[in-house]
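**Student:** This is the content of my_file20.csv (CSV, C-alpha atoms (C1' of nucleotides)):
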chain,number,residue,atom,x,y,z
A,1,MET,CA,85.5,-62.3,23.6
A,2,PRO,CA,85.3,-58.7,24.7
A,3,LYS,CA,86.8,-56.3,22.3
A,4,GLU,CA,88.7,-54.2,24.9
A,5,LYS,CA,90.6,-57.2,26.1
A,6,LEU,CA,91.7,-58.1,22.6
A,7,ASP,CA,92.7,-54.5,21.9
A,8,PHE,CA,94.6,-54.2,25.1
A,9,ASP,CA,96.5,-57.5,24.8
A,10,GLY,CA,97.3,-56.6,21.2
A,11,LEU,CA,98.6,-53.1,22.2
A,12,CYS,CA,100.8,-54.6,24.8
A,13,ARG,CA,102.2,-57.3,22.6
A,14,GLU,CA,103.1,-54.7,19.9
A,15,ARG,CA,105.0,-52.6,22.5
A,16,HIS,CA,106.6,-55.5,24.4
A,17,LEU,CA,104.7,-54.7,27.5
A,18,ALA,CA,103.5,-57.5,29.9
A,19,ALA,CA,99.7,-57.6,29.8
A,20,THR,CA,99.2,-57.8,33.5
A,21,HIS,CA,95.9,-57.9,35.3
A,22,GLN,CA,96.6,-54.5,36.9
A,23,ARG,CA,97.4,-52.9,33.6
A,24,ARG,CA,94.2,-54.3,32.0
A,25,ILE,CA,92.0,-52.8,34.8
A,26,ILE,CA,93.8,-49.5,34.8
A,27,PHE,CA,93.5,-49.2,31.0
A,28,GLN,CA,89.8,-50.1,31.3
A,29,ALA,CA,89.3,-47.5,34.0
A,30,VAL,CA,90.8,-44.8,31.8
A,31,THR,CA,89.2,-45.7,28.6
A,32,ALA,CA,85.7,-46.4,30.0
A,33,ALA,CA,84.6,-42.9,29.2
A,34,PRO,CA,86.1,-39.8,27.6
A,35,GLY,CA,87.6,-37.6,30.3
A,36,HIS,CA,90.8,-36.1,31.7
A,37,TYR,CA,91.7,-38.2,34.7
A,38,SER,CA,94.2,-37.7,37.4
A,39,PRO,CA,96.2,-40.6,38.8
A,40,GLU,CA,94.2,-40.2,42.1
A,41,GLU,CA,90.9,-40.5,40.3
A,42,ILE,CA,92.0,-43.6,38.4
A,43,TYR,CA,93.4,-45.1,41.7
A,44,GLU,CA,89.9,-44.7,43.3
A,45,VAL,CA,88.2,-46.4,40.4
A,46,VAL,CA,90.7,-49.3,40.1
A,47,ARG,CA,90.7,-49.9,43.8
A,48,LYS,CA,87.1,-51.1,43.6
A,49,GLN,CA,88.3,-54.0,41.5
A,50,ILE,CA,91.8,-54.5,42.9
A,51,PRO,CA,91.7,-53.4,46.5
A,52,SER,CA,95.4,-54.2,46.9
A,53,ILE,CA,96.5,-51.9,44.1
A,54,SER,CA,99.0,-49.2,45.1
A,55,VAL,CA,99.2,-45.6,43.9
A,56,ALA,CA,102.7,-46.3,42.8
A,57,THR,CA,101.5,-48.9,40.3
A,58,ILE,CA,99.0,-46.4,38.9
A,59,TYR,CA,101.7,-43.8,38.4
A,60,LYS,CA,104.2,-46.3,36.9
A,61,ASN,CA,101.7,-47.6,34.4
A,62,LEU,CA,100.2,-44.3,33.4
A,63,LYS,CA,103.7,-43.2,32.6
A,64,THR,CA,104.4,-46.4,30.8
A,65,PHE,CA,101.2,-46.1,28.7
A,66,VAL,CA,101.9,-42.5,27.8
A,67,GLU,CA,105.5,-43.3,26.8
A,68,ALA,CA,104.1,-46.2,24.7
A,69,GLY,CA,101.6,-43.9,23.0
A,70,ILE,CA,98.7,-45.9,24.3
A,71,LEU,CA,97.4,-42.9,26.2
A,72,HIS,CA,98.0,-39.2,25.9
A,73,GLU,CA,98.7,-36.5,28.4
A,74,VAL,CA,96.2,-33.7,28.4
A,75,SER,CA,98.9,-31.1,28.2
A,76,PRO,CA,102.6,-31.6,28.7
A,77,HIS,CA,103.1,-32.0,32.4
A,78,HIS,CA,106.4,-30.5,33.3
A,79,GLY,CA,106.5,-31.8,36.9
A,80,SER,CA,105.9,-28.3,38.2
A,81,LEU,CA,104.4,-25.0,37.2
A,82,ARG,CA,106.3,-23.3,34.4
A,83,VAL,CA,106.1,-19.6,33.9
A,84,ASP,CA,106.9,-17.7,30.7
A,85,PRO,CA,107.9,-14.1,30.5
A,86,THR,CA,107.4,-13.8,26.7
A,87,LEU,CA,104.2,-11.9,26.0
A,88,THR,CA,104.6,-11.7,22.3
A,89,PRO,CA,102.4,-14.4,20.6
A,90,HIS,CA,104.3,-17.6,20.4
A,91,HIS,CA,104.0,-21.3,20.8
A,92,HIS,CA,106.1,-24.1,22.2
A,93,LEU,CA,108.2,-27.0,20.8
A,94,VAL,CA,108.1,-29.7,23.5
A,95,CYS,CA,110.5,-32.6,23.3
A,96,ARG,CA,108.8,-35.8,24.5
A,97,LYS,CA,112.0,-37.4,25.6
A,98,CYS,CA,113.9,-34.7,27.5
A,99,LYS,CA,110.9,-32.4,28.1
A,100,SER,CA,112.7,-29.4,26.9
A,101,ILE,CA,110.6,-26.4,25.8
A,102,THR,CA,111.6,-24.0,23.0
A,103,ASP,CA,109.7,-20.9,21.9
A,104,ILE,CA,108.5,-20.6,18.3
A,105,ASP,CA,107.1,-17.3,17.1
A,106,ALA,CA,103.5,-17.3,16.3
A,107,LYS,CA,104.1,-15.9,12.8
A,108,PHE,CA,105.8,-19.2,11.8
A,109,LEU,CA,102.4,-20.9,12.2
A,110,ASP,CA,99.3,-20.4,10.1
A,111,PRO,CA,96.9,-18.6,12.4
A,112,VAL,CA,94.8,-21.1,14.4
A,113,ARG,CA,91.2,-20.6,13.4
A,114,LEU,CA,88.0,-22.3,14.5
A,115,ARG,CA,85.5,-23.5,11.9
A,116,ARG,CA,82.7,-23.7,14.4
A,117,ALA,CA,82.6,-21.7,17.6
A,118,PRO,CA,82.3,-23.8,20.7
A,119,LYS,CA,79.0,-23.1,22.4
A,120,GLY,CA,79.2,-20.8,25.4
A,121,PHE,CA,83.0,-20.8,25.6
A,122,LYS,CA,84.6,-17.4,25.4
A,123,ILE,CA,87.9,-17.8,23.7
A,124,GLU,CA,90.8,-15.7,24.9
A,125,GLN,CA,93.9,-17.3,23.5
A,126,PHE,CA,95.3,-20.2,21.5
A,127,ALA,CA,98.3,-22.1,22.9
A,128,VAL,CA,99.9,-24.6,20.6
A,129,ASP,CA,102.2,-27.2,21.9
A,130,ILE,CA,104.2,-28.9,19.1
A,131,LEU,CA,105.2,-32.3,20.4
A,132,GLY,CA,108.1,-34.3,19.0
A,133,THR,CA,111.7,-35.0,19.4
A,134,CYS,CA,114.4,-32.4,19.7
A,135,SER,CA,117.7,-32.6,17.7
A,136,LYS,CA,119.7,-33.6,20.8
A,137,CYS,CA,117.4,-36.5,21.6
A,138,ALA,CA,117.2,-37.6,18.0
A,139,LYS,CA,121.0,-38.0,17.9
A,140,GLN,CA,121.1,-40.0,21.0
A,141,SER,CA,118.6,-42.6,19.8
A,142,ALA,CA,120.0,-42.6,16.3
A,143,HIS,CA,122.5,-45.4,16.7
B,144,MET,CA,115.0,5.7,35.7
B,145,PRO,CA,115.2,2.0,34.6
B,146,LYS,CA,112.5,1.0,32.2
B,147,GLU,CA,111.7,-2.3,33.9
B,148,LYS,CA,110.8,-0.5,37.2
B,149,LEU,CA,108.5,1.9,35.4
B,150,ASP,CA,106.8,-0.9,33.5
B,151,PHE,CA,106.4,-3.0,36.6
B,152,ASP,CA,104.9,-0.3,38.7
B,153,GLY,CA,102.6,0.7,35.9
B,154,LEU,CA,101.4,-2.9,35.5
B,155,CYS,CA,100.8,-3.2,39.2
B,156,ARG,CA,98.8,0.0,39.4
B,157,GLU,CA,96.6,-1.0,36.4
B,158,ARG,CA,95.7,-4.3,38.2
B,159,HIS,CA,95.5,-2.9,41.7
B,160,LEU,CA,98.4,-4.9,43.0
B,161,ALA,CA,100.8,-3.5,45.6
B,162,ALA,CA,104.2,-3.0,44.0
B,163,THR,CA,106.3,-4.5,46.7
B,164,HIS,CA,110.0,-5.0,46.6
B,165,GLN,CA,109.6,-8.8,46.5
B,166,ARG,CA,107.3,-8.7,43.6
B,167,ARG,CA,109.6,-6.4,41.7
B,168,ILE,CA,112.6,-8.7,42.2
B,169,ILE,CA,110.5,-11.8,41.3
B,170,PHE,CA,109.3,-10.1,38.2
B,171,GLN,CA,112.8,-9.1,37.2
B,172,ALA,CA,114.0,-12.6,37.7
B,173,VAL,CA,111.4,-14.1,35.5
B,174,THR,CA,111.7,-11.5,32.7
B,175,ALA,CA,115.4,-11.2,32.7
B,176,ALA,CA,115.7,-13.7,29.9
B,177,PRO,CA,113.2,-15.7,27.9
B,178,GLY,CA,112.8,-19.1,29.4
B,179,HIS,CA,110.3,-21.4,31.1
B,180,TYR,CA,111.1,-21.2,34.8
B,181,SER,CA,109.8,-23.3,37.6
B,182,PRO,CA,109.0,-21.7,41.0
B,183,GLU,CA,112.1,-23.4,42.4
B,184,GLU,CA,114.4,-21.9,39.8
B,185,ILE,CA,113.0,-18.5,40.4
B,186,TYR,CA,113.3,-18.9,44.2
B,187,GLU,CA,117.0,-19.7,43.8
B,188,VAL,CA,117.6,-16.6,41.7
B,189,VAL,CA,115.6,-14.2,43.9
B,190,ARG,CA,117.2,-15.5,47.0
B,191,LYS,CA,120.5,-14.0,45.9
B,192,GLN,CA,118.9,-10.6,46.2
B,193,ILE,CA,116.5,-11.2,49.0
B,194,PRO,CA,117.9,-14.0,51.2
B,195,SER,CA,114.9,-13.9,53.5
B,196,ILE,CA,112.4,-14.6,50.7
B,197,SER,CA,110.3,-17.7,51.2
B,198,VAL,CA,109.1,-20.2,48.6
B,199,ALA,CA,105.5,-19.5,49.6
B,200,THR,CA,106.0,-15.9,48.5
B,201,ILE,CA,107.3,-17.1,45.1
B,202,TYR,CA,104.3,-19.4,44.6
B,203,LYS,CA,101.7,-16.8,45.8
B,204,ASN,CA,103.1,-14.1,43.5
B,205,LEU,CA,103.6,-16.3,40.4
B,206,LYS,CA,100.0,-17.3,40.8
B,207,THR,CA,99.0,-13.6,41.2
B,208,PHE,CA,101.0,-12.6,38.1
B,209,VAL,CA,99.4,-15.3,36.0
B,210,GLU,CA,95.9,-14.5,37.1
B,211,ALA,CA,96.6,-10.8,36.4
B,212,GLY,CA,97.9,-11.7,32.9
B,213,ILE,CA,101.4,-10.2,33.6
B,214,LEU,CA,102.9,-13.6,33.1
B,215,HIS,CA,101.8,-16.7,31.3
B,216,GLU,CA,101.9,-20.4,32.2
B,217,VAL,CA,103.8,-22.5,29.7
B,218,SER,CA,100.9,-25.0,29.4
B,219,PRO,CA,97.9,-25.1,31.6
B,220,HIS,CA,99.1,-26.8,34.8
B,221,HIS,CA,96.3,-28.9,36.2
B,222,GLY,CA,97.8,-29.6,39.6
B,223,SER,CA,98.6,-33.2,38.6
B,224,LEU,CA,99.1,-35.3,35.6
B,225,ARG,CA,96.0,-35.7,33.4
B,226,VAL,CA,95.5,-38.6,31.1
B,227,ASP,CA,93.3,-38.7,28.1
B,228,PRO,CA,91.9,-41.9,26.6
B,229,THR,CA,90.6,-40.2,23.4
B,230,LEU,CA,93.0,-41.0,20.6
B,231,THR,CA,91.1,-39.5,17.7
B,232,PRO,CA,92.6,-36.1,16.9
B,233,HIS,CA,91.2,-33.5,19.2
B,234,HIS,CA,92.1,-30.4,21.1
B,235,HIS,CA,91.1,-28.9,24.5
B,236,LEU,CA,89.0,-26.0,25.7
B,237,VAL,CA,90.5,-25.0,29.0
B,238,CYS,CA,88.7,-22.6,31.4
B,239,ARG,CA,91.1,-20.3,33.1
B,240,LYS,CA,88.8,-19.9,36.1
B,241,CYS,CA,87.6,-23.3,37.0
B,242,LYS,CA,90.3,-25.2,35.1
B,243,SER,CA,87.7,-27.5,33.4
B,244,ILE,CA,88.9,-29.3,30.3
B,245,THR,CA,86.5,-30.0,27.4
B,246,ASP,CA,87.4,-31.9,24.2
B,247,ILE,CA,86.9,-30.3,20.8
B,248,ASP,CA,87.2,-32.4,17.7
B,249,ALA,CA,90.2,-31.5,15.5
B,250,LYS,CA,88.0,-31.1,12.5
B,251,PHE,CA,86.4,-28.0,14.0
B,252,LEU,CA,89.8,-26.3,13.7
B,253,ASP,CA,91.6,-25.3,10.6
B,254,PRO,CA,94.6,-27.7,10.4
B,255,VAL,CA,97.6,-26.3,12.2
B,256,ARG,CA,100.4,-25.8,9.8
B,257,LEU,CA,103.9,-24.5,10.1
B,258,ARG,CA,105.2,-21.9,7.7
B,259,ARG,CA,108.8,-22.6,8.5
B,260,ALA,CA,110.0,-25.9,9.8
B,261,PRO,CA,111.9,-25.6,13.1
B,262,LYS,CA,115.5,-26.7,12.6
B,263,GLY,CA,116.3,-30.1,13.9
B,264,PHE,CA,113.0,-30.7,15.6
B,265,LYS,CA,111.0,-33.8,14.5
B,266,ILE,CA,107.3,-32.9,14.8
B,267,GLU,CA,105.0,-35.7,15.8
B,268,GLN,CA,101.8,-34.0,17.0
B,269,PHE,CA,100.1,-30.6,17.5
B,270,ALA,CA,98.2,-30.1,20.7
B,271,VAL,CA,96.1,-26.9,20.8
B,272,ASP,CA,94.8,-25.6,24.1
B,273,ILE,CA,92.1,-23.1,23.6
B,274,LEU,CA,92.1,-20.9,26.7
B,275,GLY,CA,89.2,-18.8,27.9
B,276,THR,CA,86.1,-18.8,30.1
B,277,CYS,CA,83.5,-21.6,30.1
B,278,SER,CA,79.8,-20.8,30.2
B,279,LYS,CA,79.4,-21.7,33.8
B,280,CYS,CA,82.1,-19.3,34.9
B,281,ALA,CA,81.0,-16.6,32.6
B,282,LYS,CA,77.6,-16.6,34.3
B,283,GLN,CA,79.0,-16.4,37.7
B,284,SER,CA,81.1,-13.3,37.0
B,285,ALA,CA,78.4,-11.7,34.9
B,286,HIS,CA,76.5,-9.9,37.7
C,287,DG,C1',113.9,-69.6,33.7
C,288,DT,C1',114.3,-64.8,33.2
C,289,DA,C1',112.9,-60.5,32.7
C,290,DT,C1',109.4,-57.7,34.1
C,291,DC,C1',106.0,-56.1,37.2
C,292,DT,C1',103.5,-55.3,41.8
C,293,DG,C1',102.9,-53.8,46.5
C,294,DC,C1',104.6,-51.5,50.2
C,295,DA,C1',106.6,-48.1,52.8
C,296,DA,C1',109.3,-44.4,52.9
C,297,DA,C1',111.2,-40.4,50.9
C,298,DA,C1',111.3,-36.6,47.8
C,299,DA,C1',109.3,-32.9,45.5
C,300,DT,C1',105.7,-29.7,44.8
C,301,DT,C1',102.1,-26.7,46.5
C,302,DT,C1',99.0,-24.7,49.9
C,303,DT,C1',97.6,-22.8,54.3
C,304,DG,C1',97.1,-20.0,58.6
C,305,DC,C1',98.9,-16.7,61.2
C,306,DT,C1',101.5,-12.5,62.8
C,307,DA,C1',104.2,-8.7,61.7
C,308,DG,C1',105.3,-5.6,58.2
C,309,DT,C1',104.5,-2.7,54.1
C,310,DA,C1',102.0,-0.1,50.3
C,311,DT,C1',98.4,2.9,49.2
D,312,DA,C1',94.1,4.1,58.6
D,313,DT,C1',93.3,0.2,56.0
D,314,DA,C1',94.0,-3.3,53.1
D,315,DC,C1',97.2,-6.1,51.3
D,316,DT,C1',101.5,-8.7,51.5
D,317,DA,C1',105.8,-11.3,53.4
D,318,DG,C1',107.8,-14.7,56.1
D,319,DC,C1',107.6,-18.8,58.6
D,320,DA,C1',106.5,-23.3,59.7
D,321,DA,C1',103.7,-26.9,59.1
D,322,DA,C1',100.6,-29.6,56.5
D,323,DA,C1',98.7,-31.4,52.3
D,324,DT,C1',99.4,-33.1,47.7
D,325,DT,C1',101.7,-35.2,44.2
D,326,DT,C1',105.4,-38.2,42.5
D,327,DT,C1',109.4,-41.2,42.8
D,328,DT,C1',112.3,-44.9,44.7
D,329,DG,C1',114.1,-49.4,46.3
D,330,DC,C1',113.4,-53.8,47.1
D,331,DA,C1',111.3,-58.5,48.0
D,332,DG,C1',107.9,-61.4,46.3
D,333,DA,C1',104.8,-62.5,42.4
D,334,DT,C1',103.6,-62.8,37.6
D,335,DA,C1',103.9,-62.9,32.4
D,336,DC,C1',106.4,-64.5,28.6
Show the structure stored in the file as structure tokens.

**Tutor:**
Amino acid sequence: MPKEKLDFDGLCRERHLAATHQRRIIFQAVTAAPGHYSPEEIYEVVRKQIPSISVATIYKNLKTFVEAGILHEVSPHHGSLRVDPTLTPHHHLVCRKCKSITDIDAKFLDPVRLRRAPKGFKIEQFAVDILGTCSKCAKQSAH
Amino acid sequence: MPKEKLDFDGLCRERHLAATHQRRIIFQAVTAAPGHYSPEEIYEVVRKQIPSISVATIYKNLKTFVEAGILHEVSPHHGSLRVDPTLTPHHHLVCRKCKSITDIDAKFLDPVRLRRAPKGFKIEQFAVDILGTCSKCAKQSAH
DNA sequence: GTATCTGCAAAAATTTTGCTAGTAT
DNA sequence: ATACTAGCAAAATTTTTGCAGATAC
């Protein structure tokens, strides 16, 4: 029995998600190779196996997978461009539930340092997103 | 003479950008207070002072400001949601020019560590975006 | 059997584009 | 004078929604 199928069904069972055919194929499409796929790219791949699939199903399930922790977002996607006037070095606390963003001064973090320089990439800046749950959301889900 | 105006005109001169009225007001709107504004939010604020402003102008100028380094993006905005199948700890090299994303194993980075815990925020994960220029883009702008 | 999920189509939201007139340098 | 920029309207993208029928548990 193929390993992926086992994994996927197990993952779904753990998180009380229905292991539907569409979800299985979407998951396979995303995990077939490392990459940083957009919903549109995944749609095009999945469509080859399930021509009747709809983009809405891709979106709904990617969201579901991310919320369930089965997949990750590349960087927190805030729905639209977000611009930041603060030019002093700082990073961001990002709440996974309410998507709120809070600044945290860079001096509260040990300086980010590479142990091995990536070949051919000229580093200009480190941006750290600290993902988690803000106090407001923690209270709400506490009871 | 107000400090902001001086700063803004100087910034524009340095980067060979025309210091237009619209840009000045947009810049003031963004820098009035720390925050993480969307184009729509900025539009609503600027509209109070320049009712004839258009959303397109907001978008064009935010993009211009970000490219010029006058403002920062909160986290790299990739145009659409991007999903990542790699669950082993890793971070991302993001090219500012071509927006390409490359994985870098977490063990090539000194572990991210907080010196002071943020009050009330439950940390779940650190995501580091290493911003810079990839080798391909470096070559293109070299000559 | 019941709750959940899919497909569809339509709407909403976000972002880009082309062009003309206006403005900064 | 020249190059750049703003406004406008329209299009292109991206994402969400509501609901009827289908599917998983």

**Student:** Select all residues from chain B having any atom no more than 7 Å from an atom of chain D (counting only C-alpha atoms (C1' of nucleotides), ignoring ligands), output as a PDB file with C-alpha atoms, in the coordinates of the input.

**Tutor:**
ATOM      1  CA  SER B 197     110.300 -17.700  51.200  1.00  0.00           C
ATOM      2  CA  THR B 200     106.000 -15.900  48.500  1.00  0.00           C
ATOM      3  CA  SER B 223      98.600 -33.200  38.600  1.00  0.00           C
TER       4      SER B 223
END

**Student:** Which of these residues is nearest to chain A, using all atoms listed in the file: C:DT309, C:DA298, C:DG304, C:DC291?

**Tutor:**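 Result for the nearest residue to chain A: C:DC291.
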
**Student:** From the list C:DA310, C:DT303, C:DT288, C:DC294, which residue is nearest chain A when using only C-alpha atoms (C1' of nucleotides)?

**Tutor:**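 The answer is C:DC294, which sits nearest to chain A.
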
**Student:** Counting only C-alpha atoms (C1' of nucleotides), which residue out of C:DA297, C:DT311, C:DT290, C:DC305 sits closest to chain B?

**Tutor:**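 The closest residue to chain B is C:DT311.
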
**Student:** Could you state the separation of atom CA of B:Ile168 and atom CA of A:Leu81 in Å, given to one decimal place?

**Tutor:** 18.9 Å

**Student:** Report the distance between atom CA of B:His221 and atom CA of A:Val66 in Å, rounded to one decimal place.

**Tutor:**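 Result for atom CA of B:His221 versus atom CA of A:Val66: 16.9 Å, one decimal.
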
**Student:** By how many Å are atom CA of A:Ile130 and atom CA of B:Phe269 apart?

**Tutor:**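 Atom CA of A:Ile130 sits 4.7 Å away from atom CA of B:Phe269.
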
**Student:** When you get a sec, could you note down which chain C residues fall within 7 Å of chain A, using all atoms listed in the file, as a PyMOL selection string?

**Tutor:** chain C and resi 292-293+300

**Student:** Pick out the chain B residues within 7 Å of chain A. Count only C-alpha atoms. Give them as a PyMOL selection string.

**Tutor:** chain B and resi 173-174+177-182+214-220+223-229+251-253+255-259+263-278

**Student:** Box in all listed atoms of stretch 295-310 of chain C, axis-aligned, with 8 Å more on each side; write out centre and edge lengths in Å to one decimal as JSON.

**Tutor:**
{"center_x": 104.2, "center_y": -24.1, "center_z": 53.8, "size_x": 30.2, "size_y": 64.0, "size_z": 34.0}
